[in-house]
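Chemist: Dropping in query10.cif, which is mmCIF, C-alpha atoms:
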data_protein
loop_
_atom_site.label_atom_id
_atom_site.label_comp_id
_atom_site.auth_asym_id
_atom_site.auth_seq_id
_atom_site.Cartn_x
_atom_site.Cartn_y
_atom_site.Cartn_z
CA MET A 1 59.56 125.13 92.49
CA ASP A 2 60.33 124.07 88.97
CA LEU A 3 64.09 124.53 88.77
CA ALA A 4 64.20 123.27 85.22
CA ARG A 5 62.25 126.24 83.84
CA PRO A 6 64.47 128.48 81.71
CA ASP A 7 64.11 131.50 84.01
CA ARG A 8 65.37 129.40 86.88
CA SER A 9 68.49 128.22 85.14
CA ALA A 10 70.85 130.60 86.91
CA ARG A 11 69.49 129.51 90.27
CA LEU A 12 69.70 125.87 89.27
CA ASP A 13 73.29 126.32 88.14
CA ALA A 14 74.23 127.88 91.48
CA LEU A 15 72.55 125.08 93.41
CA ALA A 16 74.14 122.42 91.22
CA ALA A 17 77.54 124.02 91.76
CA ALA A 18 77.10 124.06 95.55
CA TYR A 19 75.89 120.46 95.40
CA ALA A 20 78.91 119.29 93.43
CA LEU A 21 81.28 121.30 95.59
CA GLY A 22 79.59 119.82 98.65
CA THR A 23 78.66 122.99 100.49
CA LEU A 24 74.90 122.50 100.47
CA GLY A 25 73.45 121.67 103.89
CA PRO A 26 71.83 118.29 104.49
CA GLY A 27 68.25 119.38 103.74
CA PRO A 28 68.84 121.17 100.43
CA ARG A 29 71.35 118.49 99.41
CA ARG A 30 68.79 115.75 99.85
CA ARG A 31 66.05 117.71 98.12
CA LEU A 32 68.21 118.51 95.11
CA ALA A 33 69.31 114.87 94.84
CA GLU A 34 65.67 113.81 94.85
CA LEU A 35 64.83 116.40 92.23
CA ALA A 36 67.71 115.18 90.05
CA GLN A 37 66.29 111.66 90.11
CA ARG A 38 63.07 112.88 88.55
CA ASP A 39 64.36 115.68 86.38
CA PRO A 40 67.08 115.12 83.78
CA VAL A 41 67.73 118.86 83.42
CA VAL A 42 68.61 119.09 87.09
CA ALA A 43 70.69 115.91 86.86
CA ALA A 44 72.62 117.29 83.89
CA ALA A 45 73.35 120.57 85.66
CA ILE A 46 74.80 118.68 88.63
CA ARG A 47 76.80 116.38 86.36
CA ARG A 48 78.36 119.30 84.50
CA TRP A 49 79.60 120.76 87.79
CA GLU A 50 80.78 117.39 89.01
CA TRP A 51 82.87 117.06 85.86
CA ARG A 52 84.24 120.57 86.13
CA LEU A 53 85.27 119.97 89.72
CA ALA A 54 86.09 116.27 89.76
CA ALA A 55 88.98 116.88 87.39
CA LEU A 56 90.53 118.67 90.34
CA THR A 57 90.70 115.55 92.50
CA ALA A 58 93.62 114.41 90.35
CA GLY A 59 96.01 116.27 92.63
CA ILE A 60 94.95 114.47 95.79
CA PRO A 61 97.68 111.96 96.58
CA GLY A 62 96.76 108.31 96.39
CA ILE A 63 97.03 106.12 99.46
CA THR A 64 96.92 102.37 99.13
CA PRO A 65 93.98 101.07 101.16
CA PRO A 66 94.52 98.06 103.45
CA SER A 67 94.08 94.73 101.68
CA ARG A 68 91.05 93.91 103.83
CA VAL A 69 89.01 96.42 101.80
CA TRP A 70 89.36 94.36 98.64
CA GLU A 71 88.74 91.19 100.63
CA ARG A 72 85.48 92.59 101.92
CA ILE A 73 84.39 93.75 98.47
CA ARG A 74 85.19 90.33 97.05
CA THR A 75 83.28 88.57 99.81
CA ARG A 76 80.31 90.93 99.57
CA LEU A 77 80.00 90.35 95.85
CA GLY A 78 80.81 86.65 96.00
CA LEU A 79 83.68 87.03 93.53
CA ALA A 80 86.11 84.22 92.83
CA ASP A 81 89.31 84.05 94.81
CA SER A 82 91.71 85.89 92.53
CA ALA A 83 95.45 86.29 92.73
CA ALA A 84 94.94 88.68 95.63
CA ALA A 85 95.18 87.90 99.33
CA PRO A 86 93.81 84.53 100.47
CA SER A 87 90.17 84.35 101.41
CA ARG A 88 89.32 84.41 105.06
CA GLY A 89 85.74 83.41 104.39
CA SER A 90 82.69 85.28 105.57
CA TRP A 91 83.35 84.86 109.25
CA TRP A 92 80.83 87.50 110.14
CA ALA A 93 78.08 85.42 108.60
CA ASN A 94 78.60 82.94 111.41
CA LEU A 95 75.57 83.60 113.60
CA ALA A 96 76.57 81.18 116.31
CA LEU A 97 79.80 83.06 116.75
CA TRP A 98 78.01 86.37 117.06
CA ARG A 99 75.43 85.00 119.45
CA GLY A 100 78.30 83.84 121.60
CA LEU A 101 79.94 87.23 121.35
CA ALA A 102 76.66 88.92 122.25
CA LEU A 103 76.60 87.02 125.50
CA ALA A 104 80.26 87.71 126.02
CA GLY A 105 79.48 91.38 125.38
CA PHE A 106 77.08 91.44 128.31
CA ALA A 107 79.61 89.73 130.50
CA ILE A 108 82.41 92.07 129.46
CA ALA A 109 80.29 95.19 129.98
CA PHE A 110 79.30 93.89 133.39
CA ALA A 111 82.86 93.05 134.31
CA LEU A 112 84.10 96.45 133.17
CA GLY A 113 81.37 98.25 135.06
CA ILE A 114 82.33 96.43 138.20
CA SER A 115 86.07 96.69 137.82
CA LEU A 116 85.88 100.43 137.28
CA LEU A 117 84.33 100.94 140.67
CA ALA A 118 87.66 99.96 142.13
CA PRO A 119 89.96 102.95 142.53
CA ARG A 120 92.82 102.96 140.07
CA GLY A 121 95.42 105.40 138.97
CA GLU A 122 95.28 104.98 135.24
CA GLN A 123 92.68 106.23 132.76
CA PRO A 124 89.72 103.85 132.84
CA PHE A 125 88.56 102.18 129.66
CA GLU A 126 85.31 103.85 128.82
CA SER A 127 82.78 102.61 126.39
CA VAL A 128 79.15 102.46 125.43
CA VAL A 129 77.27 99.26 124.68
CA VAL A 130 73.74 99.05 123.31
CA VAL A 131 72.07 95.70 122.77
CA LEU A 132 69.17 96.19 120.39
CA ALA A 133 66.44 93.59 120.65
CA GLY A 134 62.96 93.06 119.24
CA PRO A 135 59.76 92.26 121.14
CA ASP A 136 61.02 88.70 121.65
CA ALA A 137 63.96 90.13 123.64
CA LYS A 138 66.48 88.29 121.46
CA PRO A 139 69.50 90.49 120.66
CA ALA A 140 69.42 91.47 116.98
CA LEU A 141 72.13 94.12 116.80
CA ILE A 142 74.86 95.28 119.11
CA ALA A 143 76.23 98.80 118.93
CA THR A 144 79.46 99.63 120.70
CA ALA A 145 81.76 102.61 120.85
CA GLU A 146 84.64 103.80 122.88
CA ARG A 147 83.81 107.05 124.59
CA GLY A 148 86.19 109.14 122.51
CA SER A 149 85.44 107.43 119.22
CA ARG A 150 83.60 109.16 116.40
CA PHE A 151 81.81 106.09 115.24
CA LEU A 152 79.54 103.38 116.55
CA THR A 153 80.35 99.85 115.50
CA VAL A 154 77.12 97.99 114.76
CA LYS A 155 77.09 94.20 114.52
CA ALA A 156 74.13 92.16 113.40
CA VAL A 157 73.86 89.21 115.77
CA GLY A 158 70.38 87.90 115.07
CA ASP A 159 68.39 86.86 112.03
CA VAL A 160 67.64 90.29 110.67
CA ALA A 161 65.95 89.74 107.31
CA ILE A 162 64.72 92.73 105.36
CA ALA A 163 63.52 93.17 101.79
CA ARG A 164 66.01 94.49 99.24
CA ASP A 165 64.13 97.76 98.89
CA ARG A 166 64.21 98.48 102.60
CA SER A 167 66.88 99.92 104.88
CA LEU A 168 67.42 99.81 108.61
CA GLU A 169 67.88 103.18 110.24
CA LEU A 170 69.37 103.77 113.67
CA TRP A 171 67.88 106.45 115.92
CA MET A 172 68.78 108.12 119.18
CA LEU A 173 65.78 108.47 121.50
CA PRO A 174 66.42 111.54 123.66
CA ASP A 175 64.11 112.03 126.65
CA GLY A 176 61.13 114.18 125.73
CA ARG A 177 62.42 115.04 122.25
CA PRO A 178 61.87 113.50 118.83
CA PRO A 179 64.20 110.72 117.63
CA GLN A 180 67.39 111.78 115.87
CA SER A 181 68.82 109.69 113.06
CA LEU A 182 72.30 108.25 113.36
CA GLY A 183 72.19 106.84 109.83
CA LEU A 184 71.62 103.55 108.08
CA ILE A 185 72.88 100.25 109.42
CA PRO A 186 73.32 96.89 107.75
CA ALA A 187 71.00 93.94 108.29
CA SER A 188 74.01 91.63 108.39
CA GLY A 189 77.69 91.82 109.13
CA VAL A 190 79.45 94.68 110.81
CA ASP A 191 79.34 98.35 109.95
CA ARG A 192 80.38 101.64 111.40
CA VAL A 193 78.07 104.59 111.84
CA ALA A 194 79.76 107.98 111.80
CA LEU A 195 79.05 110.30 114.71
CA ARG A 196 79.41 114.05 114.54
CA ALA A 197 80.99 114.19 117.98
CA PRO A 198 82.74 111.59 120.16
CA ALA A 199 80.37 108.85 121.33
CA GLY A 200 80.57 110.02 124.93
CA VAL A 201 79.26 113.43 123.86
CA THR A 202 76.75 112.33 121.23
CA LEU A 203 75.15 109.75 123.50
CA GLN A 204 75.49 111.74 126.71
CA ASN A 205 71.79 112.34 127.36
CA ILE A 206 70.48 109.52 125.26
CA PRO A 207 68.86 106.77 127.31
CA ALA A 208 68.06 104.50 124.38
CA LEU A 209 68.54 103.72 120.69
CA ALA A 210 66.03 102.28 118.26
CA VAL A 211 66.07 100.76 114.78
CA SER A 212 63.25 101.35 112.33
CA LEU A 213 62.44 99.83 108.96
CA GLU A 214 62.61 102.49 106.26
CA PRO A 215 62.48 102.76 102.47
CA ALA A 216 65.83 102.09 100.80
CA GLY A 217 68.17 104.97 101.60
CA GLY A 218 66.42 105.80 104.85
CA SER A 219 63.69 108.08 106.07
CA THR A 220 63.42 111.31 104.07
CA THR A 221 61.26 113.07 106.64
CA GLY A 222 63.81 113.28 109.43
CA ALA A 223 61.65 111.04 111.61
CA PRO A 224 61.08 107.28 111.61
CA THR A 225 58.41 106.40 109.05
CA GLY A 226 58.35 102.61 109.34
CA PRO A 227 57.84 100.26 112.27
CA VAL A 228 60.39 100.27 115.08
CA LEU A 229 61.93 96.80 115.01
CA TYR A 230 64.47 96.95 117.82
CA THR A 231 65.26 99.06 120.83
CA GLY A 232 68.01 98.99 123.41
CA ARG A 233 69.20 100.88 126.46
CA VAL A 234 72.48 102.79 126.23
CA GLU A 235 74.75 101.14 128.79
CA ARG A 236 77.79 103.10 129.86
CA THR A 237 80.69 101.12 131.18
CA TYR A 238 82.33 103.91 133.06
CA MET B 1 101.59 113.48 78.96
CA ALA B 2 98.25 114.12 77.32
CA ASP B 3 98.65 110.94 75.27
CA ALA B 4 99.51 108.90 78.36
CA ASP B 5 96.40 110.32 80.03
CA THR B 6 94.25 109.40 77.05
CA ASP B 7 95.69 105.89 77.04
CA LYS B 8 95.01 105.48 80.74
CA SER B 9 91.46 106.75 80.32
CA ALA B 10 90.85 104.38 77.44
CA HIS B 11 92.19 101.49 79.51
CA LEU B 12 89.97 102.37 82.48
CA ALA B 13 86.95 102.77 80.20
CA HIS B 14 87.69 99.31 78.80
CA LEU B 15 87.92 97.86 82.32
CA LEU B 16 84.61 99.52 83.23
CA ALA B 17 82.97 98.07 80.15
CA ARG B 18 84.29 94.60 81.02
CA THR B 19 83.13 95.06 84.62
CA ALA B 20 79.63 95.83 83.32
CA LEU B 21 79.78 92.36 81.72
CA ALA B 22 80.66 90.86 85.13
CA ASP B 23 84.32 90.27 84.21
CA GLN B 24 85.85 89.74 87.64
CA ALA B 25 89.46 90.08 86.50
CA ALA B 26 88.70 93.45 84.90
CA PHE B 27 87.00 94.59 88.08
CA ALA B 28 90.02 93.53 90.14
CA ALA B 29 92.33 95.43 87.78
CA LEU B 30 90.08 98.48 87.96
CA TYR B 31 90.28 98.33 91.73
CA GLN B 32 94.06 98.03 91.71
CA LEU B 33 94.45 101.00 89.39
CA THR B 34 91.97 103.36 90.99
CA ALA B 35 91.50 102.38 94.66
CA PRO B 36 94.54 104.28 96.00
CA HIS B 37 93.42 107.55 94.44
CA LEU B 38 89.80 107.08 95.51
CA TYR B 39 90.86 106.07 99.03
CA GLY B 40 92.99 109.22 99.20
CA VAL B 41 89.98 111.32 98.20
CA ALA B 42 87.73 109.63 100.78
CA LEU B 43 90.34 109.93 103.53
CA ARG B 44 90.79 113.65 102.89
CA ILE B 45 87.08 114.24 103.31
CA LEU B 46 86.14 111.74 106.02
CA ARG B 47 89.46 111.92 107.90
CA GLU B 48 88.98 108.60 109.60
CA PRO B 49 90.57 105.53 107.99
CA ALA B 50 87.85 103.14 109.15
CA LEU B 51 85.15 105.32 107.60
CA ALA B 52 87.12 105.79 104.39
CA GLU B 53 87.65 102.03 104.12
CA ASP B 54 83.95 101.35 104.53
CA LEU B 55 83.09 104.03 102.02
CA LEU B 56 85.53 102.66 99.46
CA GLN B 57 84.03 99.23 99.93
CA GLU B 58 80.49 100.51 99.37
CA ALA B 59 81.59 102.55 96.37
CA PHE B 60 83.18 99.54 94.65
CA VAL B 61 80.20 97.31 95.38
CA ASN B 62 78.14 100.03 93.70
CA ILE B 63 80.58 100.28 90.79
CA TRP B 64 80.35 96.52 90.22
CA HIS B 65 76.57 96.78 89.98
CA HIS B 66 76.42 99.99 87.96
CA ALA B 67 79.49 99.96 85.76
CA GLY B 68 77.11 99.67 82.81
CA THR B 69 75.80 103.17 83.34
CA TYR B 70 79.26 104.57 82.65
CA ALA B 71 78.89 104.08 78.91
CA ALA B 72 76.15 106.67 78.91
CA GLU B 73 78.38 109.25 80.53
CA LYS B 74 80.77 111.53 78.76
CA ALA B 75 83.18 112.09 81.63
CA LYS B 76 86.60 110.48 81.92
CA PRO B 77 86.47 107.24 83.92
CA ARG B 78 88.57 108.74 86.71
CA THR B 79 86.23 111.73 86.95
CA TRP B 80 83.21 109.48 87.03
CA LEU B 81 84.69 107.27 89.74
CA ALA B 82 85.89 110.22 91.80
CA SER B 83 82.46 111.85 91.70
CA ILE B 84 80.86 108.62 92.95
CA VAL B 85 83.26 108.54 95.89
CA ARG B 86 83.01 112.27 96.64
CA ASN B 87 79.22 112.18 96.58
CA ARG B 88 79.08 109.26 98.96
CA CYS B 89 81.52 110.99 101.30
CA LEU B 90 79.49 114.19 101.23
CA ASP B 91 76.24 112.34 101.81
CA GLN B 92 77.77 110.66 104.82
CA LEU B 93 79.20 113.88 106.21
CA ARG B 94 75.94 115.75 105.79
CA ARG B 95 73.93 112.94 107.33
CA ARG B 96 75.82 113.15 110.59
CA GLU B 97 75.46 116.90 110.79
CA PRO B 98 72.09 118.49 111.58
CA ASP B 99 70.73 121.44 109.59
CA THR B 100 71.52 123.77 112.43
CA LEU B 101 75.18 123.31 113.03
CA THR B 102 76.00 123.08 116.71
CA MET B 103 79.26 121.19 116.59
CA THR B 104 82.00 122.26 118.90
CA ARG B 105 85.24 122.65 117.06
CA ASN B 106 87.88 121.72 119.53
CA GLU B 107 89.50 119.62 116.83
CA ASP B 108 91.65 122.45 115.61
CA GLU B 109 94.83 120.84 116.89
CA ALA B 110 94.04 117.58 115.21
CA GLU B 111 93.27 119.52 112.06
CA MET B 112 96.60 121.22 112.09
CA GLU B 113 98.36 117.93 112.60
CA PHE B 114 96.47 116.55 109.66
CA GLU B 115 97.40 119.52 107.52
CA ALA B 116 101.04 119.22 108.52
CA LEU B 117 101.05 115.82 106.85
CA GLY B 118 100.85 117.28 103.41
CA PRO B 119 99.98 120.09 101.10
CA THR B 120 97.17 122.51 101.93
CA PRO B 121 93.76 122.18 100.29
CA GLU B 122 94.69 125.05 97.96
CA GLU B 123 97.93 123.39 96.89
CA LEU B 124 96.08 120.15 96.29
CA LEU B 125 93.49 121.93 94.20
CA LEU B 126 96.18 123.51 92.08
CA SER B 127 98.28 120.40 91.70
CA GLY B 128 95.15 118.62 90.53
CA ALA B 129 94.49 121.19 87.90
CA ASP B 130 96.52 119.36 85.33
CA ALA B 131 94.77 120.97 82.44
CA HIS B 132 96.42 124.31 81.85
CA SER B 133 93.14 126.18 81.56
CA VAL B 134 91.79 124.83 84.85
CA ARG B 135 94.94 125.80 86.72
CA GLY B 136 94.86 129.29 85.29
CA CYS B 137 91.22 129.71 86.23
CA ILE B 138 91.77 128.65 89.81
CA GLU B 139 94.83 130.82 90.19
CA GLY B 140 92.72 133.68 88.92
CA LEU B 141 90.30 133.44 91.83
CA GLU B 142 90.56 135.94 94.66
CA GLY B 143 92.32 134.67 97.77
CA ALA B 144 89.23 134.26 99.94
CA GLN B 145 87.19 132.68 97.15
CA LYS B 146 90.01 130.29 96.35
CA GLN B 147 90.49 129.29 99.98
CA ALA B 148 86.77 128.69 100.57
CA ILE B 149 86.40 126.61 97.42
CA ALA B 150 89.51 124.60 98.18
CA LEU B 151 88.39 123.82 101.73
CA ALA B 152 84.95 122.83 100.54
CA PHE B 153 86.27 120.70 97.72
CA VAL B 154 89.17 118.93 99.36
CA ARG B 155 87.75 118.67 102.88
CA GLY B 156 84.05 118.43 102.13
CA MET B 157 83.18 121.38 104.38
CA SER B 158 79.64 122.74 104.29
CA HIS B 159 78.85 126.45 104.22
CA ALA B 160 78.29 126.36 107.97
CA GLU B 161 81.58 124.57 108.62
CA LEU B 162 83.43 126.99 106.37
CA ALA B 163 81.99 129.92 108.29
CA LEU B 164 83.12 128.35 111.55
CA HIS B 165 86.54 127.44 110.20
CA LEU B 166 87.24 130.77 108.56
CA ARG B 167 85.59 132.72 111.39
CA GLU B 168 83.47 134.72 108.98
CA PRO B 169 79.68 135.26 108.82
CA LEU B 170 77.77 132.57 106.99
CA GLY B 171 76.50 135.03 104.38
CA THR B 172 80.03 136.19 103.56
CA VAL B 173 81.29 132.66 103.10
CA LYS B 174 78.31 131.70 100.96
CA SER B 175 78.91 134.63 98.66
CA TRP B 176 82.64 133.86 98.36
CA VAL B 177 81.79 130.35 97.29
CA ARG B 178 79.02 131.40 94.94
CA ARG B 179 81.04 134.14 93.27
CA GLY B 180 84.14 131.98 93.13
CA LEU B 181 82.27 129.18 91.38
CA GLU B 182 80.59 131.58 88.99
CA ARG B 183 83.93 133.05 88.09
CA LEU B 184 85.45 129.60 87.71
CA ARG B 185 82.68 128.57 85.35
CA LYS B 186 83.01 131.67 83.17
CA CYS B 187 86.78 131.32 83.04
CA LEU B 188 86.60 127.62 82.16
CA GLU B 189 84.05 128.28 79.43
CA ALA B 190 86.13 131.12 78.02
CA ALA B 191 89.14 128.80 77.99
CA GLY B 192 87.18 126.25 76.01
CA PHE B 193 86.89 123.70 78.83
CA VAL B 194 83.45 122.29 78.14
CA PRO B 195 82.52 119.38 80.32
#
Represent the structure of the file as structure tokens.

Modeler:
Amino acid sequence: MDLARPDRSARLDALAAAYALGTLGPGPRRRLAELAQRDPVVAAAIRRWEWRLAALTAGIPGITPPSRVWERIRTRLGLADSAAAPSRGSWWANLALWRGLALAGFAIAFALGISLLAPRGEQPFESVVVVLAGPDAKPALIATAERGSRFLTVKAVGDVAIARDRSLELWMLPDGRPPQSLGLIPASGVDRVALRAPAGVTLQNIPALAVSLEPAGGSTTGAPTGPVLYTGRVERTY
Amino acid sequence: MADADTDKSAHLAHLLARTALADQAAFAALYQLTAPHLYGVALRILREPALAEDLLQEAFVNIWHHAGTYAAEKAKPRTWLASIVRNRCLDQLRRREPDTLTMTRNEDEAEMEFEALGPTPEELLLSGADAHSVRGCIEGLEGAQKQAIALAFVRGMSHAELALHLREPLGTVKSWVRRGLERLRKCLEAAGFVP
């Protein structure tokens, strides 16, 4: 469909408005964004609506973010140490530390699993641990979440090197059904992946996770398109 | 007020231009001046501090790399920055939500708590409408249209989420939003607000 044709302009304007407002579902949103990259008429229609609406964000009260946000930005970009908070260095780049933690992670999960078998009155600590490894069985990424949490924390613990124009995408592998994307994950450092329900619910019937290599920005087909680099079993420590 | 706004915009535009030239001090100043507002926007939509922090970080890394493209835009710097942050938030929200919405909404209590913290989405929308014409146009919307647009804009709700939240059929909600936006556009154009 050529949305840029004059007779389509009303339809384009409605789509651009819904895009800028944010009400378009994931599929149409992605398709319109892709169209806008190729077609300046579509891009302009979206931009006009963004401007109309973005002026309205002015009323949303500001909240000062924690200082660690600026620290992370500074570290990511390799900026000089300014007058801001003192540098803590890129501690997450320390692979030895993470390898150690990976092993500790196994031990902790094991210990928790065991200790929870013992009867106790209080609410048990419940969590999910997934160690993602390649064919060489070396841990590359570790994903953890508390059962009630709405995000997975993903830490790169191995030498995960990918080209600049590639992204890593995390997938749930439900039994007998196609993989479902959980979103993009970093090749280094620590990141959080948003879940649409608490981890205990989202990962309830998911025996394993996998990571595939995708074009920058992730798979656009809804299924993995590149090679699967790492897989790991979902371990529940409850 | 208008002059102060213009001054602020000019200052931010200057900082963006310096950032495009890899001026680290300008970038730091830009962050200091705009991060609280942008974090507030992200937090309203994502509703989880850790996610909003990560998003803000990604947005500023992106701004550092692409500040140069601002010159080509005709929007105010604040508008440009806010649309970068809103878009990233919306992309993230939509990514974690499948096309067919099956989420269970037992978060209503948490939602109400969150709302109790401050003004409603509609109040926020109106308080943001600093330009007289924009405020008038929003106030002119019908109740249901206004509520749907406010929830979508301030909270980042999709059509499906709006339908669930407002307990109305999807088609009804879609048409409220569509007609509300159409009316908003006509009103803004009539008032001479040309983005």

Chemist: Residues near Gly232 in chain A, anyone? I mean within 7 Å using all atoms listed in the file, not counting same-chain ones fewer than 5 positions away, as a ChimeraX atom specification.

Modeler: /A:130-133,208-210

Chemist: Only C-alpha atoms, please: the residues just picked out, written as a CSV table (one decimal), keeping the file's coordinate frame.

Modeler:
chain,number,residue,atom,x,y,z
A,130,VAL,CA,73.7,99.0,123.3
A,131,VAL,CA,72.1,95.7,122.8
A,132,LEU,CA,69.2,96.2,120.4
A,133,ALA,CA,66.4,93.6,120.6
A,208,ALA,CA,68.1,104.5,124.4
A,209,LEU,CA,68.5,103.7,120.7
A,210,ALA,CA,66.0,102.3,118.3

Chemist: Between A:Leu12, A:Leu168, A:Val160, A:Ile73, single out the one closest to Gln24 in chain B, counting only C-alpha atoms.

Modeler: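 Smallest separation from Gln24 in chain B among the options: A:Ile73.
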
Chemist: CA of Pro26 in chain A and CA of Arg94 in chain B, how far apart in Å?

Modeler: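 The value is 5.0 Å.
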
Chemist: Find the residues around Ala29 in chain B up to 10 Å (only C-alpha atoms counted), leave out those fewer than 6 positions away in its own chain, and share them as a PyMOL selection string.

Modeler: chain B and resi 12+15-16+19+35

Chemist: With a distance cut-off of 7 Å and only C-alpha atoms, select the neighbouring residues of Gly158 in chain A, excluding the residue or stretch itself and same-chain residues fewer than 2 positions from it, and output the selection as a ChimeraX atom specification.

Modeler: /A:95,139-141,156,160

Chemist: As an NGL selection string, could you give me every residue of chain A near chain B (at most 8 Å apart, counting all atoms listed in the file)?

Modeler: :A and (14 or 17-18 or 20-27 or 48 or 50-52 or 54-66 or 69-70 or 72-73 or 76-77 or 79-80 or 82 or 182-183 or 191-192 or 194-197)

Chemist: Run the PyMOL selection byres ((chain A and resi 173) around 12) mentally over the shown coordinates, then write out the matched residues as a count of residues only, using the chain letters and numbers from the document.

Modeler: 30

Chemist: Give the centre and edge lengths of an axis-aligned box, in Å to one decimal, that holds all listed atoms of range 59-78 of chain A with 3 Å on each side, as JSON.

Modeler:
{"center_x": 88.8, "center_y": 101.5, "center_z": 98.2, "size_x": 23.7, "size_y": 35.6, "size_z": 17.2}

Chemist: Could you please determine the separation between CA of Ala42 in chain B and CA of Ser188 in chain A in Å, to one decimal place?

Modeler: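 Calculated distance between CA of Ala42 in chain B and CA of Ser188 in chain A is 23.9 Å.
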
Chemist: Check the smallest atom-to-atom distance from each of B:Lys146, B:Arg167, B:Arg18, B:His66 to Arg183 in chain B using only C-alpha atoms, then report the winner.

Modeler: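 Closest candidate: B:Lys146.
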